[in-house]
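J.: Input file: structure-v4.cif. Contents: mmCIF, C-alpha atoms and all ligand atoms.
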data_run
#
loop_
_atom_site.label_atom_id
_atom_site.label_comp_id
_atom_site.auth_asym_id
_atom_site.auth_seq_id
_atom_site.Cartn_x
_atom_site.Cartn_y
_atom_site.Cartn_z
CA MET A 1 117.01 -75.36 -25.03
CA ARG A 2 116.18 -74.34 -21.50
CA LEU A 3 118.51 -75.66 -18.85
CA ALA A 4 117.41 -75.47 -15.22
CA VAL A 5 120.61 -75.46 -13.17
CA THR A 6 119.09 -75.89 -9.71
CA ASP A 7 115.72 -76.42 -8.03
CA LYS A 8 116.70 -74.19 -5.10
CA CYS A 9 115.41 -70.66 -4.76
CA ASN A 10 115.67 -67.65 -2.49
CA LEU A 11 112.01 -66.69 -3.09
CA ARG A 12 108.87 -68.70 -2.40
CA CYS A 13 106.50 -67.48 -5.10
CA PHE A 14 103.19 -68.98 -4.08
CA TYR A 15 102.34 -70.04 -7.67
CA CYS A 16 105.62 -72.00 -7.87
CA MET A 17 106.31 -73.65 -4.52
CA PRO A 18 104.99 -74.09 -0.96
CA GLU A 19 105.98 -71.59 1.73
CA ASP A 20 108.46 -73.99 3.35
CA GLY A 21 110.14 -74.80 0.03
CA LEU A 22 110.59 -78.17 -1.64
CA ASP A 23 112.44 -81.38 -0.78
CA TRP A 24 115.58 -79.99 -2.43
CA LEU A 25 117.57 -82.31 -4.66
CA SER A 26 120.79 -83.63 -3.16
CA ARG A 27 124.12 -82.73 -4.74
CA THR A 28 124.40 -86.14 -6.41
CA GLU A 29 120.90 -85.90 -7.87
CA LEU A 30 121.82 -82.60 -9.52
CA MET A 31 123.69 -82.53 -12.81
CA SER A 32 127.24 -81.36 -12.26
CA TYR A 33 128.60 -78.39 -14.26
CA GLU A 34 130.76 -80.82 -16.26
CA GLU A 35 127.66 -82.82 -17.21
CA MET A 36 125.75 -79.66 -18.12
CA GLN A 37 128.64 -78.45 -20.26
CA ARG A 38 128.85 -81.80 -22.03
CA ALA A 39 125.10 -81.77 -22.74
CA CYS A 40 125.27 -78.19 -24.06
CA ASP A 41 128.33 -78.94 -26.24
CA LEU A 42 126.57 -81.91 -27.78
CA LEU A 43 123.23 -80.20 -28.30
CA VAL A 44 124.84 -77.16 -29.95
CA ASN A 45 126.75 -79.56 -32.16
CA MET A 46 123.38 -81.10 -33.08
CA GLY A 47 121.95 -77.71 -34.09
CA ILE A 48 120.57 -76.05 -30.95
CA ASP A 49 121.61 -72.41 -31.22
CA LYS A 50 119.85 -70.77 -28.26
CA ILE A 51 120.28 -71.76 -24.63
CA ARG A 52 118.40 -70.21 -21.73
CA ILE A 53 119.65 -70.78 -18.19
CA THR A 54 116.91 -71.00 -15.60
CA GLY A 55 116.06 -72.80 -12.36
CA GLY A 56 115.04 -72.58 -9.46
CA GLU A 57 117.05 -69.43 -9.17
CA PRO A 58 120.24 -69.72 -11.26
CA PHE A 59 122.19 -67.25 -9.12
CA VAL A 60 121.63 -69.36 -6.01
CA ARG A 61 123.84 -72.13 -7.43
CA LYS A 62 127.47 -71.75 -6.40
CA ASP A 63 129.90 -70.56 -9.10
CA ILE A 64 127.15 -70.06 -11.67
CA MET A 65 129.35 -67.56 -13.56
CA GLN A 66 131.79 -70.41 -14.22
CA LEU A 67 129.06 -72.41 -15.99
CA LEU A 68 127.86 -69.36 -17.91
CA THR A 69 131.40 -68.64 -19.10
CA GLY A 70 131.84 -72.22 -20.33
CA ILE A 71 128.52 -72.28 -22.19
CA SER A 72 129.04 -68.80 -23.67
CA GLN A 73 132.21 -70.05 -25.35
CA ILE A 74 130.59 -72.92 -27.27
CA ASN A 75 131.19 -72.54 -31.00
CA GLY A 76 127.93 -72.26 -32.90
CA LEU A 77 125.86 -70.99 -29.98
CA LYS A 78 124.10 -67.83 -31.16
CA GLU A 79 122.34 -66.80 -27.99
CA LEU A 80 122.78 -67.44 -24.30
CA SER A 81 120.14 -65.90 -22.06
CA ILE A 82 118.97 -66.15 -18.47
CA THR A 83 115.72 -66.17 -16.56
CA THR A 84 116.17 -64.83 -13.03
CA ASN A 85 114.17 -63.46 -10.14
CA GLY A 86 116.71 -60.64 -9.87
CA VAL A 87 117.44 -60.93 -6.14
CA LEU A 88 121.17 -61.74 -6.49
CA THR A 89 121.67 -60.75 -10.12
CA ALA A 90 122.75 -57.09 -10.07
CA PRO A 91 126.43 -57.61 -9.13
CA HIS A 92 126.87 -60.00 -12.10
CA VAL A 93 125.30 -57.84 -14.80
CA ALA A 94 128.51 -56.25 -16.12
CA GLU A 95 130.27 -59.63 -16.30
CA MET A 96 127.28 -61.19 -18.07
CA LYS A 97 127.41 -58.42 -20.65
CA ALA A 98 131.14 -58.93 -21.11
CA MET A 99 130.66 -62.63 -21.90
CA GLY A 100 128.17 -61.77 -24.67
CA ILE A 101 124.83 -62.33 -22.93
CA ARG A 102 122.37 -59.81 -24.33
CA SER A 103 118.97 -60.84 -23.10
CA VAL A 104 117.58 -61.43 -19.59
CA ASN A 105 114.09 -62.39 -18.50
CA LEU A 106 113.36 -60.86 -15.12
CA SER A 107 110.42 -62.17 -13.12
CA LEU A 108 108.40 -59.42 -11.51
CA ASP A 109 104.71 -59.83 -10.79
CA THR A 110 103.95 -56.48 -9.17
CA LEU A 111 105.27 -52.95 -8.80
CA ASP A 112 104.07 -52.76 -5.21
CA ALA A 113 106.50 -53.81 -2.46
CA GLY A 114 103.73 -55.09 -0.20
CA ARG A 115 102.19 -57.27 -2.90
CA PHE A 116 105.68 -58.47 -3.86
CA PHE A 117 106.10 -59.74 -0.31
CA ALA A 118 102.64 -61.35 -0.31
CA ILE A 119 103.41 -63.20 -3.57
CA THR A 120 107.05 -64.17 -3.03
CA ARG A 121 107.02 -64.38 0.80
CA ARG A 122 110.35 -62.55 0.85
CA ASP A 123 111.20 -58.87 1.28
CA GLU A 124 113.36 -58.47 -1.84
CA PHE A 125 111.46 -55.99 -4.00
CA ALA A 126 114.22 -53.34 -3.84
CA ALA A 127 116.89 -55.84 -4.92
CA VAL A 128 114.84 -56.88 -7.96
CA MET A 129 114.22 -53.26 -8.99
CA ASN A 130 117.94 -52.59 -8.62
CA THR A 131 118.64 -55.49 -11.01
CA LEU A 132 116.16 -54.01 -13.50
CA ASP A 133 118.05 -50.68 -13.33
CA GLU A 134 121.41 -52.39 -13.81
CA LEU A 135 120.18 -54.41 -16.79
CA LEU A 136 118.81 -51.31 -18.50
CA LYS A 137 121.98 -49.35 -17.73
CA HIS A 138 123.95 -52.09 -19.50
CA ASP A 139 121.57 -52.10 -22.51
CA PHE A 140 120.27 -55.61 -22.01
CA GLU A 141 117.17 -56.72 -23.86
CA VAL A 142 114.88 -57.11 -20.84
CA LYS A 143 111.69 -59.13 -20.77
CA ILE A 144 109.71 -58.87 -17.57
CA ASN A 145 107.76 -62.05 -16.80
CA SER A 146 104.62 -61.42 -14.82
CA VAL A 147 102.28 -64.23 -13.80
CA VAL A 148 98.68 -63.01 -13.63
CA MET A 149 96.94 -64.30 -10.51
CA ASP A 150 93.33 -63.77 -9.61
CA GLY A 151 92.98 -61.91 -6.33
CA LYS A 152 96.74 -61.30 -6.05
CA ASN A 153 98.04 -58.93 -8.71
CA THR A 154 95.47 -58.18 -11.39
CA GLN A 155 95.55 -54.56 -10.21
CA ASP A 156 99.18 -54.56 -11.45
CA ILE A 157 98.33 -55.30 -15.09
CA LEU A 158 97.87 -51.66 -16.08
CA PRO A 159 100.83 -50.27 -14.06
CA MET A 160 103.02 -52.96 -15.64
CA VAL A 161 101.83 -51.92 -19.10
CA ALA A 162 102.50 -48.28 -18.14
CA LEU A 163 106.11 -49.28 -17.43
CA THR A 164 106.57 -49.83 -21.18
CA LYS A 165 105.87 -46.13 -21.86
CA ASP A 166 109.31 -44.90 -20.85
CA LEU A 167 111.28 -48.14 -20.51
CA PRO A 168 112.40 -50.21 -23.52
CA VAL A 169 111.25 -53.46 -21.90
CA SER A 170 108.87 -56.17 -22.99
CA VAL A 171 106.37 -56.91 -20.23
CA ARG A 172 104.99 -60.42 -20.72
CA PHE A 173 101.89 -61.51 -18.86
CA ILE A 174 101.83 -65.26 -18.25
CA GLU A 175 98.73 -67.33 -17.56
CA GLU A 176 99.04 -69.04 -14.18
CA MET A 177 99.71 -72.77 -14.54
CA PRO A 178 99.16 -75.54 -11.95
CA PHE A 179 102.92 -76.12 -11.40
CA ASN A 180 102.98 -74.94 -7.79
CA GLY A 181 104.48 -77.95 -6.03
CA ASP A 182 101.10 -78.29 -4.27
CA GLY A 183 101.67 -74.96 -2.57
CA HIS A 184 97.94 -74.38 -2.95
CA ALA A 185 95.02 -75.92 -4.79
CA TYR A 186 94.93 -74.68 -8.38
CA LYS A 187 91.44 -73.26 -8.86
CA GLY A 188 91.55 -73.40 -12.64
CA LEU A 189 92.53 -70.55 -14.90
CA GLN A 190 90.75 -67.33 -13.95
CA TRP A 191 92.70 -64.92 -16.17
CA ASP A 192 93.26 -66.39 -19.60
CA TYR A 193 95.08 -64.53 -22.36
CA LEU A 194 91.85 -63.09 -23.79
CA ARG A 195 90.79 -61.64 -20.44
CA ILE A 196 94.25 -60.15 -19.94
CA LEU A 197 94.19 -58.65 -23.43
CA ASN A 198 90.70 -57.27 -22.89
CA GLU A 199 91.80 -55.59 -19.65
CA ILE A 200 94.66 -53.89 -21.50
CA GLU A 201 92.65 -52.98 -24.60
CA THR A 202 89.94 -51.34 -22.52
CA HIS A 203 92.45 -48.88 -21.10
CA TYR A 204 94.76 -48.63 -24.10
CA PRO A 205 92.59 -48.54 -27.23
CA THR A 206 95.67 -47.66 -29.34
CA ILE A 207 97.21 -51.09 -28.68
CA GLN A 208 98.44 -52.73 -31.89
CA LYS A 209 99.36 -56.32 -32.66
CA LEU A 210 103.01 -56.82 -33.59
CA ASP A 211 104.29 -59.57 -35.88
CA ASP A 212 105.39 -62.49 -33.69
CA ASP A 213 108.66 -64.30 -34.30
CA LEU A 214 108.37 -67.69 -36.00
CA TYR A 215 108.81 -69.74 -32.81
CA SER A 216 107.32 -67.23 -30.42
CA THR A 217 105.25 -68.45 -27.50
CA SER A 218 103.97 -64.95 -26.78
CA TYR A 219 101.43 -62.78 -28.58
CA ASN A 220 103.06 -59.37 -28.82
CA TYR A 221 101.60 -55.88 -28.85
CA GLN A 222 102.65 -52.28 -28.69
CA ILE A 223 100.86 -49.23 -27.44
CA GLN A 224 101.28 -46.11 -29.56
CA GLY A 225 104.02 -43.88 -28.20
CA HIS A 226 105.44 -46.53 -25.84
CA LYS A 227 109.14 -47.44 -26.00
CA GLY A 228 108.56 -51.01 -24.86
CA SER A 229 106.09 -53.71 -25.80
CA VAL A 230 103.62 -56.05 -24.16
CA GLY A 231 103.36 -59.81 -24.59
CA ILE A 232 100.85 -62.37 -23.41
CA ILE A 233 101.83 -66.01 -22.96
CA ALA A 234 98.92 -68.44 -23.08
CA ALA A 235 100.87 -70.95 -21.04
CA TYR A 236 97.82 -72.73 -19.68
CA SER A 237 95.55 -72.36 -22.73
CA ARG A 238 98.40 -73.76 -24.84
CA THR A 239 97.40 -72.05 -28.07
CA PHE A 240 101.01 -71.73 -29.26
CA CYS A 241 102.11 -75.38 -29.24
CA GLY A 242 102.23 -75.57 -33.02
CA SER A 243 105.07 -73.05 -33.15
CA CYS A 244 106.92 -74.08 -29.96
CA ASN A 245 110.37 -75.58 -30.60
CA ARG A 246 111.63 -75.63 -26.97
CA ILE A 247 113.24 -78.53 -25.24
CA ARG A 248 113.98 -78.52 -21.54
CA ILE A 249 116.53 -80.15 -19.27
CA THR A 250 115.68 -80.25 -15.58
CA PRO A 251 118.24 -79.87 -12.74
CA GLN A 252 118.31 -83.67 -12.36
CA GLY A 253 118.99 -84.15 -16.08
CA THR A 254 115.55 -85.10 -17.33
CA LEU A 255 114.89 -84.15 -20.94
CA LYS A 256 111.42 -82.76 -21.53
CA ASN A 257 109.92 -82.15 -24.96
CA CYS A 258 107.13 -80.12 -23.40
CA LEU A 259 106.42 -78.25 -20.15
CA TYR A 260 103.51 -80.60 -19.58
CA ASP A 261 105.22 -83.97 -20.14
CA ASP A 262 106.82 -85.73 -17.19
CA GLY A 263 110.15 -86.48 -18.79
CA ILE A 264 111.30 -88.40 -21.83
CA LEU A 265 114.73 -89.60 -20.75
CA ASN A 266 117.39 -88.86 -18.16
CA ILE A 267 120.63 -87.72 -19.74
CA LYS A 268 122.50 -87.46 -16.42
CA ASP A 269 121.90 -91.17 -15.75
CA LEU A 270 123.00 -92.01 -19.31
CA MET A 271 126.19 -89.95 -18.93
CA ARG A 272 126.97 -91.57 -15.58
CA SER A 273 126.52 -95.01 -17.15
CA GLY A 274 129.46 -94.18 -19.45
CA ILE A 275 127.54 -93.55 -22.69
CA THR A 276 129.53 -92.17 -25.64
CA ASP A 277 128.55 -88.89 -27.30
CA ALA A 278 127.51 -90.79 -30.44
CA GLU A 279 125.12 -93.00 -28.44
CA LEU A 280 123.80 -90.07 -26.46
CA ARG A 281 123.11 -88.24 -29.70
CA LYS A 282 121.07 -91.22 -30.96
CA ASN A 283 119.06 -91.28 -27.74
CA LEU A 284 118.38 -87.54 -27.98
CA LEU A 285 117.28 -87.72 -31.63
CA ASN A 286 114.96 -90.59 -30.77
CA ALA A 287 113.49 -88.58 -27.89
CA PHE A 288 112.96 -85.48 -30.09
CA SER A 289 111.10 -87.57 -32.64
CA HIS A 290 108.52 -88.54 -30.02
CA ARG A 291 107.26 -85.06 -29.34
CA ALA A 292 103.56 -84.87 -28.42
CA ALA A 293 101.33 -82.93 -30.81
CA ASP A 294 100.63 -80.30 -28.17
CA GLY A 295 100.68 -79.64 -24.44
CA TRP A 296 97.29 -81.28 -23.93
CA GLU A 297 98.53 -84.53 -25.45
CA ALA A 298 101.80 -84.28 -23.49
CA GLU A 299 99.78 -84.01 -20.28
CA ARG A 300 97.58 -86.97 -21.25
CA LEU A 301 100.63 -89.14 -21.99
CA ARG A 302 102.35 -88.58 -18.63
CA HIS A 303 103.71 -91.86 -17.29
CA GLU A 304 102.21 -91.33 -13.87
CA GLN A 305 98.59 -90.54 -14.46
CA THR A 306 98.59 -87.62 -12.05
CA ASN A 307 97.62 -84.05 -12.73
CA VAL A 308 100.52 -81.65 -13.17
CA HIS A 309 101.44 -80.44 -9.71
CA GLU A 310 105.25 -80.42 -9.57
CA SER A 311 106.96 -77.12 -8.80
CA MET A 312 108.00 -74.98 -11.76
CA ALA A 313 111.35 -74.70 -9.96
CA THR A 314 112.03 -78.31 -10.96
CA ILE A 315 111.20 -77.56 -14.60
CA GLY A 316 112.57 -74.10 -15.24
CA GLY A 317 109.48 -72.39 -16.63
N1 LIG B 401 113.71 -68.26 -10.48
C1 LIG B 401 113.73 -67.72 -11.79
C2 LIG B 401 112.61 -66.75 -12.00
O1 LIG B 401 111.66 -66.75 -11.23
O2 LIG B 401 112.70 -66.01 -12.97
C3 LIG B 401 113.75 -68.75 -12.89
C4 LIG B 401 112.87 -69.96 -12.72
S1 LIG B 401 111.13 -69.66 -12.70
C5 LIG B 401 110.50 -71.29 -12.44
C6 LIG B 401 110.83 -69.35 -14.42
C7 LIG B 401 109.53 -68.66 -14.75
O3 LIG B 401 108.45 -69.53 -14.45
C8 LIG B 401 109.29 -67.37 -13.95
O4 LIG B 401 109.07 -66.30 -14.83
C9 LIG B 401 108.03 -67.67 -13.17
O5 LIG B 401 107.22 -66.54 -13.01
C10 LIG B 401 107.36 -68.74 -14.01
N2 LIG B 401 106.45 -69.57 -13.24
C11 LIG B 401 106.71 -70.27 -12.12
N3 LIG B 401 105.61 -70.94 -11.69
C12 LIG B 401 104.62 -70.64 -12.56
C13 LIG B 401 103.24 -71.01 -12.66
N4 LIG B 401 102.68 -71.81 -11.76
N5 LIG B 401 102.53 -70.52 -13.68
C14 LIG B 401 103.10 -69.68 -14.60
N6 LIG B 401 104.40 -69.31 -14.57
C15 LIG B 401 105.15 -69.77 -13.56
FE1 LIG B 402 111.84 -69.08 -7.22
FE2 LIG B 402 111.39 -68.44 -9.74
FE3 LIG B 402 109.84 -70.26 -8.49
FE4 LIG B 402 109.67 -67.71 -7.77
S1 LIG B 402 109.17 -68.57 -9.80
S2 LIG B 402 109.84 -69.48 -6.37
S3 LIG B 402 111.72 -67.01 -8.05
S4 LIG B 402 111.97 -70.48 -8.97
#
Let me see the structure of the file written as structure tokens.

T.:
Amino acid sequence: MRLAVTDKCNLRCFYCMPEDGLDWLSRTELMSYEEMQRACDLLVNMGIDKIRITGGEPFVRKDIMQLLTGISQINGLKELSITTNGVLTAPHVAEMKAMGIRSVNLSLDTLDAGRFFAITRRDEFAAVMNTLDELLKHDFEVKINSVVMDGKNTQDILPMVALTKDLPVSVRFIEEMPFNGDGHAYKGLQWDYLRILNEIETHYPTIQKLDDDLYSTSYNYQIQGHKGSVGIIAAYSRTFCGSCNRIRITPQGTLKNCLYDDGILNIKDLMRSGITDAELRKNLLNAFSHRAADGWEAERLRHEQTNVHESMATIGG
């Protein structure tokens, strides 16, 4: 389960939101930490054993360590992980490790400070690299998420792969999706997973396919002699839907069975109406049983017949 704890962010990645940000959710529209904890307790009790905290930027929400501590202590939870842009993360790394978090996804689309600024519209490259150092120093399993954007960072594909030579990280290239909050017109996918793979294979003929985990959404590879690995996530092509078992909860409490659906039910509203855990459980099970066959069907079945255009910061990625 992926829980987005806020829609707010300290970067303005152009593929995720417009330069002047979003119409941020008000405090009352956001789920409170108590509501998030209750949802996590119940879902773990129902069998969810992995929770990923995302956003917006999780470390922008006040007292986030308090929520992480609470969730990390849920009996039966096997894995708590975080997706972060790394701007404010470094000072929290040791405490995250101490509470049992082992894996962090760090978003980093380029190794060039100038291109970082052009993509994120903020001058925070050094802070993100510092977080990467801290995570590695504390032996975290680090996955670097890198969105591949035509005309913006395709020259970074090979340097990002080269990073896996000496660093034990998994660099995962993600197809760009249309979830940009109408920050710009989505021109259609220019770099699909096959084109990304071809670019890598041409320069690294020793690349080998690894066995993917059962519910993996990435195709994983390793280059001979490299400490780390490379993954490609066909997030737009949606070739992995058959093995995806994710559910998502947005900052306003909307349950999503798929990135591409526009919400199945709002658990915050149900909790505020005084629903019991037993009733909430029934509602959740009913929602899970109406999962679309794949992301294409989920998109077709959206209640509002609009193309996907919302910001990824309101979904969590
Ligand atoms: N702020 C955090 C971060 O950037 O890591 C967490 C939230 S962010 C929405 C989660 C992931 O979604 C990031 O790895 C980001 O690169 C990815 N993402 C955002 N917009 C995207 C888009 N339009 N297409 C593909 N991936 C996107
Ligand atoms: Fe913020 Fe993450 Fe969206 Fe970038 S991708 S604007 S860091 S929420």

J.: So the first atom is CA of Gln208 (chain A) and the second is CA of Cys241 (chain A); what is the distance between them in Å, to one decimal place?

T.: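 Atom-to-atom, CA of Gln208 (chain A) and CA of Cys241 (chain A) are spaced 23.1 Å apart.
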
J.: Looking at A:Asn180, A:Asn130, A:Ser229, A:Thr239, which one is nearest to Trp296 (chain A), with distances taken over only C-alpha atoms?

T.: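 Closest to Trp296 (chain A) of all the choices is A:Thr239.
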
J.: Counting all atoms listed in the file, what are the residues, protein, DNA or RNA alike, that approach ligand LIG 401 (chain B) to within 8 Å? I want them as a ChimeraX atom specification.

T.: /A:4,9,11,13,15-17,54-58,83-86,105-109,144-147,174-180,235-236,311-317

J.: Nearest to Val93 (chain A): which of A:Asp133, A:Asp112, A:Glu279, A:Glu79 is it, counting all atoms listed in the file?

T.: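 The closest residue to Val93 (chain A) is A:Asp133.
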
J.: Show me, as JSON, the centre and edge lengths in Å to one decimal of the axis-aligned box that covers every listed atom of ligand LIG 402 (chain B) with 5 Å on each side.

T.:
{"center_x": 110.6, "center_y": -68.7, "center_z": -8.1, "size_x": 12.8, "size_y": 13.5, "size_z": 13.4}

J.: Let me make sure I understand: among A:Gly100, A:Gly228, A:Gly263, A:Gly183, which one has the smallest atom-to-atom distance to ligand LIG 402 (chain B) if we use all atoms listed in the file?

T.: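 Smallest separation from ligand LIG 402 (chain B) among the options: A:Gly183.
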
J.: Find the residues near region 280-293 of chain A: any atom within 10 Å, counting all atoms listed in the file, skip ones fewer than 3 places away on the same chain, and give them as number ranges by chain.

T.: A: 39, 42-43, 45-46, 241-242, 247, 255-258, 260-261, 263-267, 270-271, 274-277, 296-301

J.: Restricting it to C-alpha atoms, dump the selection as an mmCIF file, in the frame of the given file.

T.:
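Result file follows (result_10.cif):
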data_model
loop_
_atom_site.group_PDB
_atom_site.id
_atom_site.type_symbol
_atom_site.label_atom_id
_atom_site.label_comp_id
_atom_site.auth_asym_id
_atom_site.auth_seq_id
_atom_site.Cartn_x
_atom_site.Cartn_y
_atom_site.Cartn_z
ATOM 1 C CA ALA A 39 125.100 -81.770 -22.740
ATOM 2 C CA LEU A 42 126.570 -81.910 -27.780
ATOM 3 C CA LEU A 43 123.230 -80.200 -28.300
ATOM 4 C CA ASN A 45 126.750 -79.560 -32.160
ATOM 5 C CA MET A 46 123.380 -81.100 -33.080
ATOM 6 C CA CYS A 241 102.110 -75.380 -29.240
ATOM 7 C CA GLY A 242 102.230 -75.570 -33.020
ATOM 8 C CA ILE A 247 113.240 -78.530 -25.240
ATOM 9 C CA LEU A 255 114.890 -84.150 -20.940
ATOM 10 C CA LYS A 256 111.420 -82.760 -21.530
ATOM 11 C CA ASN A 257 109.920 -82.150 -24.960
ATOM 12 C CA CYS A 258 107.130 -80.120 -23.400
ATOM 13 C CA TYR A 260 103.510 -80.600 -19.580
ATOM 14 C CA ASP A 261 105.220 -83.970 -20.140
ATOM 15 C CA GLY A 263 110.150 -86.480 -18.790
ATOM 16 C CA ILE A 264 111.300 -88.400 -21.830
ATOM 17 C CA LEU A 265 114.730 -89.600 -20.750
ATOM 18 C CA ASN A 266 117.390 -88.860 -18.160
ATOM 19 C CA ILE A 267 120.630 -87.720 -19.740
ATOM 20 C CA LEU A 270 123.000 -92.010 -19.310
ATOM 21 C CA MET A 271 126.190 -89.950 -18.930
ATOM 22 C CA GLY A 274 129.460 -94.180 -19.450
ATOM 23 C CA ILE A 275 127.540 -93.550 -22.690
ATOM 24 C CA THR A 276 129.530 -92.170 -25.640
ATOM 25 C CA ASP A 277 128.550 -88.890 -27.300
ATOM 26 C CA TRP A 296 97.290 -81.280 -23.930
ATOM 27 C CA GLU A 297 98.530 -84.530 -25.450
ATOM 28 C CA ALA A 298 101.800 -84.280 -23.490
ATOM 29 C CA GLU A 299 99.780 -84.010 -20.280
ATOM 30 C CA ARG A 300 97.580 -86.970 -21.250
ATOM 31 C CA LEU A 301 100.630 -89.140 -21.990
#
